[in-house]
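Below: one structure, written as structure tokens.
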Amino acid sequence: YELIRPFGRSDLPEVPKYPENERKLPVLVNYKSTVQFTKILDDFQVKYKLLPKKYGGPTALKQFKAFISLPYQVSTMKLYENLAQGVVSLVPSPRFLRILMSQPQFDFTPSSTTQDLGINFWFKFIEFYNKDLKKFYYTFDSVEELKEILESVNFDAEGRGAKAKIFW
């Protein structure tokens, strides 16, 4: 389909419809930090679907049970796009993200380019932890808690993603 953007016209391929058995899984997008996180998920036997880096945006993500998002910058457009489309998102708590980011394989910008300020300075600006937005997604403080949320929460019944869409 066509998409008109401020900088011109773009022909985007139609987002594929994923098989029903895959749609029951949480999904991650294949970024550098995500690959390392999938190794942790595998260790804890958490099932997931890994999408390629060019995955089709919120139209693709909302087909799945939930989207596991690892913040890699203080502000990302995908946060707002996903809220607007009602994507159910799961995000590590600030404490758990700090643990993940302390490992060299996890990227976080701008701390990677502004070493003098460090990651703790930038955490107060991460939009995922904004008090007005936190109510629209789930946070997990460990992989065990993530697994528990995925196994016990009926995301459709709770409607957190739908509430975000209405709010936005």
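Note on naming: chains are A, B, ... as they come in the structure tokens, residues start from 1 per chain, ligands start from 1 in the order shown.
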
Helix (DSSP H, G or I) positions in stretch 41-77 of chain A, given as a PyMOL selection string: chain A and resi 41-43+57-61+77

Could you pull the residues within 9 Å of A:Tyr48, counting only C-alpha atoms, minus those fewer than 4 positions along the same chain, as a count of residues only? 8

Restricting the calculation to only C-alpha atoms: of A:Tyr55, A:Asn120, A:Leu133, A:Ile40, which residue gets closest to A:Ala84?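 For A:Ala84, the nearest of the candidates is A:Leu133.
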
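Put simply, atom CA of A:Gln45 is 29.1 Å away from atom CA of A:Gln85.
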
Name the residues of stretch 40-142 of chain A that fall into strand (DSSP E or B) according to DSSP on the backbone, using the chain letters and numbers of this document, as a list of chain:residue names.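 Filtering stretch 40-142 of chain A to strand (DSSP E or B) leaves A:Lys49, A:Leu50, A:Leu51, A:Ala66, A:Phe67, A:Ile68, A:Gln73, A:Ser89, A:Leu90, A:Val91, A:Pro92, A:Thr109, A:Tyr138, A:Thr139, A:Phe140.
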
Go through A:Ser142, A:Gln103, A:Asn21, A:Thr59 and flag the residue nearest A:Val91, using only C-alpha atoms for the distances. A:Ser142

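Note that the spacing between atom CA of A:Val29 and atom CA of A:Leu51 amounts to 4.8 Å.
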
Could you check which of A:Pro104, A:Gly57, A:Pro19, A:Pro71 is closest to A:Leu83, using only C-alpha atoms?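 Answer, going by the shortest atom-to-atom distance: A:Gly57.
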
Nearest to A:Glu20 among A:Phe123, A:Gln63, A:Lys53, A:Pro58, with distances taken over only C-alpha atoms: which residue is it?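 When distances to A:Glu20 are compared using only C-alpha atoms, the smallest one comes from A:Gln63.
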
Would you kindly return, as a ChimeraX atom specification, each protein, DNA or RNA residue with an atom no farther than 10 Å from any atom of A:Lys62, considering only C-alpha atoms and excluding same-chain residues fewer than 2 positions away? /A:23,27,57-60,64-67,82,85-89,161

Since we have the selection now, will you write its residues out, keeping C-alpha atoms, as an mmCIF file, in the first residue's frame?
```cif
data_model
loop_
_atom_site.group_PDB
_atom_site.id
_atom_site.type_symbol
_atom_site.label_atom_id
_atom_site.label_comp_id
_atom_site.auth_asym_id
_atom_site.auth_seq_id
_atom_site.Cartn_x
_atom_site.Cartn_y
_atom_site.Cartn_z
ATOM 1 C CA ARG A 23 0.181 -15.256 16.657
ATOM 2 C CA VAL A 27 7.053 -11.154 19.529
ATOM 3 C CA GLY A 57 5.484 -1.736 12.248
ATOM 4 C CA PRO A 58 2.468 -1.871 14.551
ATOM 5 C CA THR A 59 0.317 -3.521 11.882
ATOM 6 C CA ALA A 60 2.537 -6.590 12.179
ATOM 7 C CA PHE A 64 0.687 -11.234 18.110
ATOM 8 C CA LYS A 65 -0.118 -11.932 21.750
ATOM 9 C CA ALA A 66 2.204 -9.131 22.891
ATOM 10 C CA PHE A 67 5.324 -7.211 21.903
ATOM 11 C CA ASN A 82 2.250 1.108 18.934
ATOM 12 C CA GLN A 85 -2.541 1.013 17.137
ATOM 13 C CA GLY A 86 -3.302 -0.726 20.442
ATOM 14 C CA VAL A 87 -0.272 -3.038 20.463
ATOM 15 C CA VAL A 88 0.041 -4.864 23.797
ATOM 16 C CA SER A 89 3.599 -4.137 24.952
ATOM 17 C CA GLY A 161 -3.585 -2.143 24.373
#
```
